[in-house]
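K.L.:
mmCIF, C-alpha atoms, saved as structure_17.cif, coming up:
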data_model
#
loop_
_atom_site.label_atom_id
_atom_site.label_comp_id
_atom_site.auth_asym_id
_atom_site.auth_seq_id
_atom_site.Cartn_x
_atom_site.Cartn_y
_atom_site.Cartn_z
CA PRO A 1 218.64 64.28 127.77
CA ALA A 2 215.26 65.96 127.20
CA ALA A 3 213.52 67.11 130.30
CA GLU A 4 210.57 64.96 131.30
CA PRO A 5 207.23 66.78 131.75
CA ALA A 6 206.14 67.48 135.26
CA PRO A 7 203.63 65.03 136.66
CA THR A 8 200.04 66.24 136.67
CA ALA A 9 197.46 65.49 139.29
CA PRO A 10 194.78 63.06 138.19
CA ASP A 11 191.42 64.59 137.29
CA THR A 12 189.03 63.29 139.91
CA ARG A 13 186.09 65.51 139.05
CA SER A 14 184.28 62.83 137.05
CA ALA A 15 185.88 59.70 138.45
CA PRO A 16 183.43 57.39 140.23
CA PRO A 17 184.06 56.47 143.85
CA ALA A 18 186.03 53.33 144.42
CA SER A 19 182.98 51.53 145.81
CA ALA A 20 181.05 52.17 142.56
CA VAL A 21 183.62 50.48 140.37
CA GLN A 22 182.45 46.91 139.64
CA PRO A 23 185.09 44.28 139.05
CA PRO A 24 184.87 42.64 135.67
CA ARG A 25 182.66 39.54 135.58
CA ALA A 26 184.78 36.44 135.32
CA ALA A 27 184.06 34.08 132.49
CA PRO A 28 182.51 30.81 133.62
CA GLY A 29 185.29 28.60 134.89
CA ALA A 30 187.96 31.32 134.64
CA ALA A 31 188.25 32.53 138.25
CA THR A 32 186.00 30.16 140.12
CA GLY A 33 187.42 26.97 138.75
CA THR A 34 183.93 25.80 137.65
CA PRO A 35 183.87 24.41 134.11
CA ALA A 36 181.78 26.40 131.63
CA ARG A 37 179.83 23.28 130.76
CA ALA A 38 178.62 23.03 134.36
CA ALA A 39 176.82 26.37 134.01
CA ASP A 40 175.12 25.20 130.83
CA THR A 41 174.14 21.96 132.57
CA ASP A 42 172.55 23.92 135.43
CA VAL A 43 170.52 25.94 132.94
CA ASP A 44 169.39 22.79 131.13
CA GLN A 45 168.42 21.13 134.41
CA ALA A 46 166.45 24.22 135.45
CA ALA A 47 164.69 24.35 132.08
CA ALA A 48 163.69 20.66 132.12
CA PRO A 49 161.09 20.99 134.93
CA SER A 50 159.71 24.09 133.22
CA ARG A 51 159.23 22.21 129.95
CA LEU A 52 157.64 19.33 131.86
CA ARG A 53 155.19 21.67 133.58
CA LYS A 54 154.21 23.16 130.23
CA ALA A 55 153.72 19.71 128.69
CA LEU A 56 151.53 18.34 131.50
CA PRO A 57 148.39 20.35 130.56
CA ALA A 58 148.72 19.19 126.94
CA VAL A 59 149.09 15.56 128.01
CA ALA A 60 146.11 15.88 130.37
CA GLY A 61 144.08 17.44 127.55
CA VAL A 62 144.89 14.56 125.21
CA VAL A 63 143.87 12.01 127.87
CA VAL A 64 140.57 13.81 128.50
CA LEU A 65 139.81 14.03 124.78
CA ALA A 66 140.60 10.33 124.36
CA LEU A 67 138.22 9.41 127.19
CA LEU A 68 135.47 11.60 125.73
CA ALA A 69 136.00 9.96 122.32
CA VAL A 70 135.66 6.48 123.85
CA LEU A 71 132.48 7.49 125.68
CA ALA A 72 131.08 8.98 122.47
CA GLY A 73 131.90 5.79 120.55
CA ARG A 74 130.21 3.60 123.14
CA TRP A 75 127.14 5.85 123.19
CA LEU A 76 126.87 5.77 119.41
CA ARG A 77 127.01 1.98 119.36
CA SER A 78 124.12 1.88 121.82
CA LEU A 79 121.85 3.55 119.24
CA ASP A 80 119.84 1.19 117.04
CA PRO A 81 120.48 3.05 113.75
CA VAL A 82 124.24 2.95 114.38
CA ALA A 83 124.10 -0.73 115.33
CA ASP A 84 122.23 -1.46 112.09
CA PHE A 85 124.78 0.59 110.13
CA ILE A 86 127.68 -1.41 111.59
CA ALA A 87 125.84 -4.67 110.88
CA THR A 88 125.45 -3.61 107.22
CA TYR A 89 128.98 -2.20 106.84
CA ASP A 90 131.24 -4.23 109.11
CA GLY A 91 134.34 -2.21 108.16
CA HIS A 92 135.75 -4.57 105.50
CA PRO A 93 135.18 -3.52 101.88
CA VAL A 94 134.68 -6.13 99.18
CA LEU A 95 137.97 -6.99 97.46
CA PRO A 96 138.33 -7.69 93.73
CA GLU A 97 138.06 -11.36 92.79
CA GLY A 98 141.42 -13.11 92.84
CA THR A 99 143.05 -10.71 95.32
CA PRO A 100 146.07 -12.55 96.79
CA GLU A 101 146.35 -13.22 100.49
CA GLY A 102 149.31 -13.04 102.81
CA MET A 103 152.57 -11.13 102.74
CA PRO A 104 155.30 -12.41 100.41
CA TRP A 105 158.97 -12.37 101.42
CA TRP A 106 159.69 -9.13 99.57
CA MET A 107 157.04 -7.34 101.61
CA GLY A 108 158.84 -8.40 104.79
CA TRP A 109 162.04 -6.86 103.47
CA GLN A 110 160.06 -3.73 102.61
CA HIS A 111 158.87 -3.44 106.21
CA PHE A 112 162.43 -3.56 107.48
CA LEU A 113 163.87 -1.18 104.86
CA ASN A 114 161.04 1.31 105.30
CA MET A 115 161.46 1.33 109.07
CA PHE A 116 165.25 1.58 108.80
CA LEU A 117 165.25 4.43 106.28
CA MET A 118 162.30 6.38 107.69
CA VAL A 119 163.80 6.52 111.19
CA LEU A 120 167.08 7.91 109.83
CA ILE A 121 165.33 10.28 107.41
CA ILE A 122 163.19 11.76 110.18
CA ARG A 123 166.24 12.03 112.42
CA THR A 124 168.33 13.92 109.84
CA GLY A 125 165.35 16.05 108.81
CA LEU A 126 164.78 17.26 112.36
CA GLN A 127 168.52 17.77 112.76
CA ILE A 128 168.51 20.06 109.71
CA ARG A 129 165.66 22.13 111.15
CA HIS A 130 167.49 22.72 114.44
CA GLU A 131 171.06 22.87 113.16
CA THR A 132 172.67 26.28 113.73
CA ARG A 133 176.24 25.32 112.90
CA PRO A 134 176.73 22.24 110.72
CA PRO A 135 179.56 19.88 111.70
CA ALA A 136 180.86 20.04 108.11
CA ASN A 137 179.83 21.22 104.66
CA PHE A 138 179.53 19.43 101.35
CA THR A 139 180.03 20.81 97.83
CA PRO A 140 178.85 18.41 95.12
CA THR A 141 180.86 17.70 92.00
CA LYS A 142 179.53 19.67 89.05
CA ASP A 143 177.06 17.55 87.06
CA GLY A 144 177.71 14.75 89.55
CA LEU A 145 175.34 12.43 91.35
CA PHE A 146 174.28 15.11 93.85
CA SER A 147 174.00 18.05 91.45
CA ALA A 148 171.48 18.73 88.70
CA ARG A 149 173.04 19.00 85.27
CA GLY A 150 173.92 22.61 84.53
CA ASN A 151 173.75 23.77 88.16
CA THR A 152 176.62 25.71 89.67
CA PRO A 153 177.62 23.60 92.70
CA LYS A 154 176.86 25.31 96.01
CA LYS A 155 178.06 24.41 99.48
CA PHE A 156 175.53 23.02 101.95
CA SER A 157 175.47 21.12 105.22
CA LEU A 158 176.81 17.58 105.40
CA THR A 159 173.59 16.74 107.29
CA ILE A 160 171.59 17.81 104.24
CA TRP A 161 173.75 15.55 102.07
CA MET A 162 173.06 12.62 104.39
CA HIS A 163 169.34 13.40 104.32
CA GLN A 164 169.36 13.44 100.51
CA ALA A 165 171.32 10.18 100.29
CA LEU A 166 168.82 8.44 102.59
CA ASP A 167 165.95 9.93 100.59
CA ALA A 168 167.38 8.49 97.38
CA LEU A 169 167.56 5.01 98.92
CA TRP A 170 164.02 5.37 100.29
CA LEU A 171 162.70 6.40 96.87
CA LEU A 172 164.45 3.47 95.19
CA ASN A 173 162.92 1.13 97.75
CA GLY A 174 159.51 2.73 97.20
CA VAL A 175 159.66 2.34 93.41
CA ILE A 176 160.53 -1.35 93.79
CA PHE A 177 157.66 -1.74 96.26
CA VAL A 178 155.07 -0.18 93.93
CA VAL A 179 156.28 -2.22 90.94
CA LEU A 180 156.02 -5.44 92.95
CA LEU A 181 152.57 -4.43 94.22
CA ILE A 182 151.31 -4.04 90.67
CA VAL A 183 153.04 -7.10 89.22
CA THR A 184 151.89 -9.48 91.98
CA GLY A 185 148.35 -8.10 92.30
CA HIS A 186 148.85 -7.10 95.94
CA TRP A 187 147.81 -3.55 95.03
CA ALA A 188 144.18 -4.71 95.45
CA ARG A 189 144.81 -5.22 99.17
CA ILE A 190 145.49 -1.51 99.78
CA VAL A 191 143.72 0.30 96.92
CA PRO A 192 139.99 0.53 97.74
CA THR A 193 137.71 -0.41 94.82
CA ASP A 194 134.47 -0.98 96.75
CA PRO A 195 132.12 2.03 96.23
CA HIS A 196 131.06 1.69 99.89
CA VAL A 197 134.58 2.01 101.24
CA PHE A 198 133.82 5.25 103.11
CA GLN A 199 130.79 3.72 104.85
CA HIS A 200 133.05 0.84 105.93
CA ALA A 201 135.68 3.34 107.07
CA LEU A 202 133.12 5.20 109.21
CA SER A 203 131.97 1.90 110.70
CA ALA A 204 135.55 0.88 111.50
CA GLY A 205 136.20 4.28 113.06
CA ILE A 206 133.20 3.96 115.40
CA GLN A 207 134.31 0.45 116.36
CA TYR A 208 137.83 1.67 117.16
CA LEU A 209 136.47 4.57 119.24
CA SER A 210 134.26 2.27 121.28
CA LEU A 211 137.28 -0.01 121.95
CA ASP A 212 135.30 -2.89 120.44
CA TRP A 213 137.63 -3.10 117.46
CA PRO A 214 136.77 -4.54 114.05
CA THR A 215 137.89 -8.06 113.29
CA GLU A 216 141.64 -8.08 112.60
CA ASN A 217 143.10 -10.45 110.03
CA GLY A 218 145.72 -8.55 108.09
CA TRP A 219 146.91 -11.76 106.44
CA VAL A 220 143.63 -11.97 104.51
CA HIS A 221 141.85 -8.64 104.54
CA TYR A 222 142.56 -5.10 105.82
CA ASN A 223 139.68 -3.01 107.10
CA ALA A 224 138.65 0.16 105.29
CA LEU A 225 140.61 2.55 107.52
CA GLN A 226 143.76 0.50 107.05
CA MET A 227 143.28 0.41 103.28
CA LEU A 228 142.68 4.15 103.03
CA SER A 229 145.67 4.97 105.24
CA TYR A 230 148.01 2.63 103.31
CA ALA A 231 146.82 4.04 99.98
CA LEU A 232 147.29 7.58 101.29
CA VAL A 233 150.84 6.81 102.45
CA VAL A 234 151.97 5.02 99.28
CA PHE A 235 150.25 7.06 96.59
CA VAL A 236 149.85 10.56 98.12
CA ALA A 237 152.15 11.26 101.09
CA ALA A 238 155.24 9.55 99.66
CA PRO A 239 155.05 11.34 96.28
CA LEU A 240 154.44 14.66 98.08
CA ALA A 241 157.49 14.09 100.30
CA ALA A 242 159.58 13.21 97.25
CA LEU A 243 158.38 16.14 95.14
CA THR A 244 158.84 18.80 97.82
CA GLY A 245 162.15 17.28 98.90
CA TRP A 246 163.39 17.39 95.30
CA ARG A 247 162.49 21.10 95.13
CA MET A 248 164.64 21.86 98.18
CA SER A 249 167.52 19.59 97.20
CA SER A 250 170.68 20.05 95.14
CA TRP A 251 169.00 17.98 92.40
CA PHE A 252 166.59 20.78 91.50
CA PRO A 253 167.62 22.68 88.32
CA THR A 254 168.11 26.17 89.72
CA GLU A 255 168.72 27.63 86.24
CA ALA A 256 165.22 26.71 85.06
CA THR A 257 163.52 30.06 85.75
CA GLY A 258 160.08 28.94 84.57
CA LEU A 259 160.14 25.87 86.82
CA ASN A 260 161.32 28.00 89.74
CA ARG A 261 158.37 30.35 89.29
CA ALA A 262 155.89 27.48 88.92
CA PHE A 263 157.19 25.63 91.98
CA PRO A 264 158.50 28.16 94.55
CA MET A 265 160.77 27.07 97.36
CA GLU A 266 158.36 28.51 99.97
CA VAL A 267 155.57 26.20 98.82
CA ALA A 268 157.81 23.15 99.11
CA ARG A 269 158.88 24.12 102.64
CA LYS A 270 155.29 24.64 103.78
CA VAL A 271 154.27 21.19 102.53
CA HIS A 272 157.37 19.11 103.33
CA PHE A 273 157.29 19.42 107.13
CA PRO A 274 153.54 18.65 107.56
CA VAL A 275 154.03 15.56 105.40
CA MET A 276 156.78 14.45 107.78
CA VAL A 277 154.43 15.00 110.73
CA PHE A 278 151.83 12.85 108.95
CA PHE A 279 154.39 10.06 108.52
CA VAL A 280 155.29 10.22 112.22
CA ALA A 281 151.61 10.04 113.22
CA PHE A 282 151.06 7.11 110.86
CA ILE A 283 154.06 5.23 112.30
CA VAL A 284 152.86 5.79 115.89
CA VAL A 285 149.34 4.54 115.14
CA HIS A 286 150.69 1.65 113.05
CA VAL A 287 153.04 0.45 115.81
CA PHE A 288 150.27 0.82 118.41
CA LEU A 289 147.84 -1.35 116.42
CA VAL A 290 150.51 -3.95 115.65
CA ALA A 291 151.24 -4.23 119.38
CA PHE A 292 147.63 -4.39 120.57
CA THR A 293 145.99 -6.56 117.92
CA GLY A 294 148.22 -9.61 118.32
CA LEU A 295 151.89 -8.67 118.54
CA LEU A 296 153.49 -12.04 117.78
CA THR A 297 151.07 -12.91 114.99
CA ASN A 298 151.46 -9.50 113.35
CA LEU A 299 155.25 -9.56 113.56
CA ASN A 300 155.31 -13.02 111.99
CA HIS A 301 153.13 -11.68 109.17
CA MET A 302 155.40 -8.68 108.63
CA TYR A 303 158.88 -10.11 109.16
CA THR A 304 158.72 -13.86 108.50
CA SER A 305 155.82 -14.00 105.98
CA ARG A 306 154.00 -16.72 107.93
CA GLY A 307 150.25 -16.61 108.45
CA GLY A 308 148.84 -17.83 111.75
CA ALA A 309 152.24 -18.32 113.40
CA THR A 310 152.33 -17.26 117.04
CA ASP A 311 155.93 -18.13 117.93
CA ALA A 312 158.62 -15.58 118.75
CA TRP A 313 160.56 -15.67 115.47
CA GLY A 314 158.87 -12.56 114.11
CA LEU A 315 159.73 -10.73 117.34
CA VAL A 316 163.34 -11.91 117.10
CA VAL A 317 163.70 -10.63 113.54
CA PHE A 318 162.04 -7.36 114.52
CA LEU A 319 164.43 -6.84 117.45
CA VAL A 320 167.40 -7.56 115.19
CA SER A 321 166.11 -4.93 112.75
CA VAL A 322 165.78 -2.45 115.63
CA ALA A 323 169.39 -3.18 116.65
CA VAL A 324 170.57 -2.60 113.08
CA THR A 325 168.68 0.70 112.96
CA ALA A 326 170.18 1.77 116.31
CA ALA A 327 173.67 0.95 115.02
CA ALA A 328 173.06 3.03 111.91
CA TRP A 329 171.82 5.89 114.13
CA PHE A 330 175.14 5.73 116.00
CA PHE A 331 177.28 5.65 112.85
CA LEU A 332 175.37 8.56 111.30
CA LYS A 333 178.15 10.96 112.36
CA PRO A 334 180.52 13.11 110.28
CA ALA A 335 183.46 10.85 111.16
CA PHE A 336 181.73 8.02 109.28
CA THR A 337 179.62 9.89 106.70
CA ALA A 338 182.29 12.36 105.53
CA PRO A 339 184.48 9.71 103.81
CA VAL A 340 181.43 8.48 101.90
CA ALA A 341 180.31 11.99 100.96
CA SER A 342 183.82 12.87 99.73
CA ARG A 343 183.35 10.37 96.89
CA PHE A 344 180.61 12.60 95.47
CA GLY A 345 182.08 16.03 96.16
CA THR A 346 184.20 18.05 98.57
CA VAL A 347 183.76 17.92 102.34
CA GLY A 348 185.10 20.80 104.39
CA ARG A 349 184.24 23.74 106.59
#
Give the structure from the file, written as structure tokens.

P.N.:
Amino acid sequence: PAAEPAPTAPDTRSAPPASAVQPPRAAPGAATGTPARAADTDVDQAAAPSRLRKALPAVAGVVVLALLAVLAGRWLRSLDPVADFIATYDGHPVLPEGTPEGMPWWMGWQHFLNMFLMVLIIRTGLQIRHETRPPANFTPTKDGLFSARGNTPKKFSLTIWMHQALDALWLLNGVIFVVLLIVTGHWARIVPTDPHVFQHALSAGIQYLSLDWPTENGWVHYNALQMLSYALVVFVAAPLAALTGWRMSSWFPTEATGLNRAFPMEVARKVHFPVMVFFVAFIVVHVFLVAFTGLLTNLNHMYTSRGGATDAWGLVVFLVSVAVTAAAWFFLKPAFTAPVASRFGTVGR
């Protein structure tokens, strides 16, 4: 057998002392027996008070500004010129002759469907913004329902597919709503035609600020601020959300170079999110006013189409609609959405 080489002494000239050698750091849960998730939980619990401390000054600032606004509104109403202005423009514009009153049954359904779809659309939209690793991906069928004709199908997040599907239902509901508004004449209730609508809106704004609110009777007549906000939502914000969403969706014809140059993706992204913030602000203010200007009466207007009713049936229908929305929120998971999406394309990783 070949002779083995003689052993050589280890070179200790550059070796660190034994005390300087650090043992390798154990992975969370590997040597200590602590689950890795426990470490993440500790970090989250430590970060929560920090986020709360940062939010407190903002909340305090909002409260102070609200109090200053109320004081300013009350001071303005103490001035004779402002009092005369409010007496002249009480906040309710003149409606066209023959404007219908009340809320028909289809408008009650619209309230439910809009609430149901908007909650889920906002949820999936925010999920897309913060999603780092989608739970699954979706590739639409070429020239299918979720692909513009002529586009080469590209893979995207299953969350984006769900967002687009909800958007399509919301748009369909919106088109039906606008058609019914025009056909039934109810458009006159939300489209201001009085040339003094902005004077009435300023008057209503001062009344709201002073906490001496304008007369509320949504069954007969909205005030100017309500009319302007509803018109802005239906005829400006909703089309903007649809147009910018279409630009970012798989329905946009990516091969149309001229259209791509005229309507860049960056412009759509810069507009789409602020429009969503506007919708959220509108919903918050809308819910607040519904609750504090006669909750039972307003809910009966909106959900049971009954004017002057003060029983609890409107509240019951509203709570059922909230339960349905909560159930849909729960089922909005890949385990339930993937089988539906697979009918329109390929779902995978």

K.L.:
Counting all atoms listed in the file, figure out which residue out of A:Gln199, A:Pro253, A:Gly218, A:Gly73 gets nearest to Asn300 (chain A).

P.N.:
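Counting all atoms listed in the file, the residue closest to Asn300 (chain A) is A:Gly218.
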
K.L.:
So the first atom is CA of Gly144 (chain A) and the second is CA of Asp167 (chain A); what is the distance between them in Å, to one decimal place?

P.N.:
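Straight-line distance from CA of Gly144 (chain A) to CA of Asp167 (chain A) works out to 16.8 Å.
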
K.L.:
What is the CA of Thr159 (chain A) to CA of Ala327 (chain A) distance in Å?

P.N.:
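It comes out at 17.6 Å.
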
K.L.:
Could you tell me how far CA of Trp170 (chain A) lies from CA of Ala224 (chain A), in Å and to one decimal?

P.N.:
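Distance between the two atoms: 26.4 Å.
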
K.L.:
Given only C-alpha atoms as the basis, pick out the residue of A:Pro135, A:Pro140, A:Pro239, A:Gly185 nearest to Gln164 (chain A).

P.N.:
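Using only C-alpha atoms, the shortest distance to Gln164 (chain A) belongs to A:Pro140.
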
K.L.:
Quick check on the file I pasted: which residues fall under the PyMOL selection byres ((chain A and resi 115-125) around 7)? Write them as a ChimeraX atom specification.

P.N.:
/A:111-114,126-129,159,163,166-167,170,325,329

K.L.:
To verify the selection step, state as a VMD selection string which residues the PyMOL selection byres ((chain A and resi 61-72) around 9) yields on this input.

P.N.:
chain A and resid 56 to 60 73 to 77 206 208 to 211

K.L.:
Given the file shown, enumerate the residues that the PyMOL selection byres ((chain A and resi 223) around 8) captures and present them as a list of chain:residue names.

P.N.:
A:Gly91, A:His92, A:Pro93, A:His200, A:Ala201, A:Ala204, A:Pro214, A:Glu216, A:His221, A:Tyr222, A:Ala224, A:Leu225, A:Gln226, A:Met227

K.L.:
Ranking A:Thr244, A:Asn260, A:Thr310, A:Asn217 by minimum distance to Leu295 (chain A) and counting all atoms listed in the file, which one comes first?

P.N.:
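Nearest candidate to Leu295 (chain A) out of A:Thr244, A:Asn260, A:Thr310, A:Asn217: A:Thr310.
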
K.L.:
Quick one: of A:Ala87, A:Met248, A:Met103, A:Leu169, who's nearest to Val267 (chain A), counting only C-alpha atoms?

P.N.:
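Closest residue, counting only C-alpha atoms: A:Met248.
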
K.L.:
Leaving out His186 (chain A) and any residue of its chain fewer than 5 positions from it, which residues lie within 7 Å of it when counting all atoms listed in the file, given as number ranges by chain?

P.N.:
A: 99-100, 181

K.L.:
Go ahead and dump the residues you just picked, C-alpha atoms, as a compact mmCIF listing (two decimals), in the frame of the given file.

P.N.:
# COMPACT_ATOMS: atom_id res chain seq x y z
CA THR A 99 143.05 -10.71 95.32
CA PRO A 100 146.07 -12.55 96.79
CA LEU A 181 152.57 -4.43 94.22

K.L.:
From the options A:Ile182, A:Leu158, A:Leu332, A:Leu315, which residue's atoms come nearest to Thr346 (chain A), counting all atoms listed in the file?

P.N.:
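When distances to Thr346 (chain A) are compared using all atoms listed in the file, the smallest one comes from A:Leu158.
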
K.L.:
Please determine, counting all atoms listed in the file, which residue among A:Thr257, A:Thr184, A:Ser203, A:Ser321 has the shortest atom-to-atom distance to Gly98 (chain A).

P.N.:
A:Thr184

K.L.:
May I have the protein, DNA and RNA residues with an atom at most 12 Å from (151.6, -5.4, 114.1), counting all atoms listed in the file in the file's coordinates, returned as number ranges by chain?

P.N.:
A: 111, 216-219, 283-303, 314-315, 318

K.L.:
Would you place a box with edges along x, y and z of the file around all atoms of region 100-111 of chain A listed there, add 5 Å to each of its six sides, and report the centre and edge lengths in Å to one decimal, as lines of an AutoDock Vina configuration file?

P.N.:
center_x = 154.1
center_y = -8.3
center_z = 101.5
size_x = 26.0
size_y = 19.8
size_z = 19.4

K.L.:
Please fill the gaps in region 213-228 of chain A so it has N, CA and C atoms, and write that as a PDB file, in the coordinates of the input.

P.N.:
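Output file result38.pdb follows:
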ATOM      1  N   TRP A 213     136.990  -3.301 118.755  1.00  0.00           N
ATOM      2  CA  TRP A 213     137.630  -3.100 117.460  1.00  0.00           C
ATOM      3  C   TRP A 213     137.097  -4.054 116.399  1.00  0.00           C
ATOM      4  N   PRO A 214     137.186  -3.635 115.131  1.00  0.00           N
ATOM      5  CA  PRO A 214     136.770  -4.540 114.050  1.00  0.00           C
ATOM      6  C   PRO A 214     137.672  -5.763 113.996  1.00  0.00           C
ATOM      7  N   THR A 215     137.148  -6.814 113.399  1.00  0.00           N
ATOM      8  CA  THR A 215     137.890  -8.060 113.290  1.00  0.00           C
ATOM      9  C   THR A 215     139.211  -7.828 112.566  1.00  0.00           C
ATOM     10  N   GLU A 216     140.309  -8.292 113.171  1.00  0.00           N
ATOM     11  CA  GLU A 216     141.640  -8.080 112.600  1.00  0.00           C
ATOM     12  C   GLU A 216     142.163  -9.376 111.989  1.00  0.00           C
ATOM     13  N   ASN A 217     142.440  -9.335 110.706  1.00  0.00           N
ATOM     14  CA  ASN A 217     143.100 -10.450 110.030  1.00  0.00           C
ATOM     15  C   ASN A 217     143.848  -9.884 108.831  1.00  0.00           C
ATOM     16  N   GLY A 218     144.958  -9.208 109.137  1.00  0.00           N
ATOM     17  CA  GLY A 218     145.720  -8.550 108.090  1.00  0.00           C
ATOM     18  C   GLY A 218     146.298  -9.497 107.066  1.00  0.00           C
ATOM     19  N   TRP A 219     146.386 -10.783 107.400  1.00  0.00           N
ATOM     20  CA  TRP A 219     146.910 -11.760 106.440  1.00  0.00           C
ATOM     21  C   TRP A 219     145.945 -11.935 105.266  1.00  0.00           C
ATOM     22  N   VAL A 220     144.641 -11.741 105.535  1.00  0.00           N
ATOM     23  CA  VAL A 220     143.630 -11.970 104.510  1.00  0.00           C
ATOM     24  C   VAL A 220     143.038 -10.673 103.997  1.00  0.00           C
ATOM     25  N   HIS A 221     142.687  -9.766 104.929  1.00  0.00           N
ATOM     26  CA  HIS A 221     141.850  -8.640 104.540  1.00  0.00           C
ATOM     27  C   HIS A 221     142.067  -7.469 105.501  1.00  0.00           C
ATOM     28  N   TYR A 222     142.494  -6.304 105.007  1.00  0.00           N
ATOM     29  CA  TYR A 222     142.560  -5.100 105.820  1.00  0.00           C
ATOM     30  C   TYR A 222     141.173  -4.474 105.928  1.00  0.00           C
ATOM     31  N   ASN A 223     140.933  -3.752 107.036  1.00  0.00           N
ATOM     32  CA  ASN A 223     139.680  -3.010 107.100  1.00  0.00           C
ATOM     33  C   ASN A 223     139.808  -1.702 106.313  1.00  0.00           C
ATOM     34  N   ALA A 224     138.696  -0.998 106.181  1.00  0.00           N
ATOM     35  CA  ALA A 224     138.650   0.160 105.290  1.00  0.00           C
ATOM     36  C   ALA A 224     139.600   1.267 105.736  1.00  0.00           C
ATOM     37  N   LEU A 225     139.707   1.504 107.042  1.00  0.00           N
ATOM     38  CA  LEU A 225     140.610   2.550 107.520  1.00  0.00           C
ATOM     39  C   LEU A 225     142.061   2.198 107.218  1.00  0.00           C
ATOM     40  N   GLN A 226     142.400   0.923 107.374  1.00  0.00           N
ATOM     41  CA  GLN A 226     143.760   0.500 107.050  1.00  0.00           C
ATOM     42  C   GLN A 226     144.038   0.682 105.557  1.00  0.00           C
ATOM     43  N   MET A 227     143.090   0.275 104.725  1.00  0.00           N
ATOM     44  CA  MET A 227     143.280   0.410 103.280  1.00  0.00           C
ATOM     45  C   MET A 227     143.459   1.862 102.870  1.00  0.00           C
ATOM     46  N   LEU A 228     142.598   2.729 103.393  1.00  0.00           N
ATOM     47  CA  LEU A 228     142.680   4.150 103.030  1.00  0.00           C
ATOM     48  C   LEU A 228     143.989   4.763 103.505  1.00  0.00           C
TER      49      LEU A 228
END
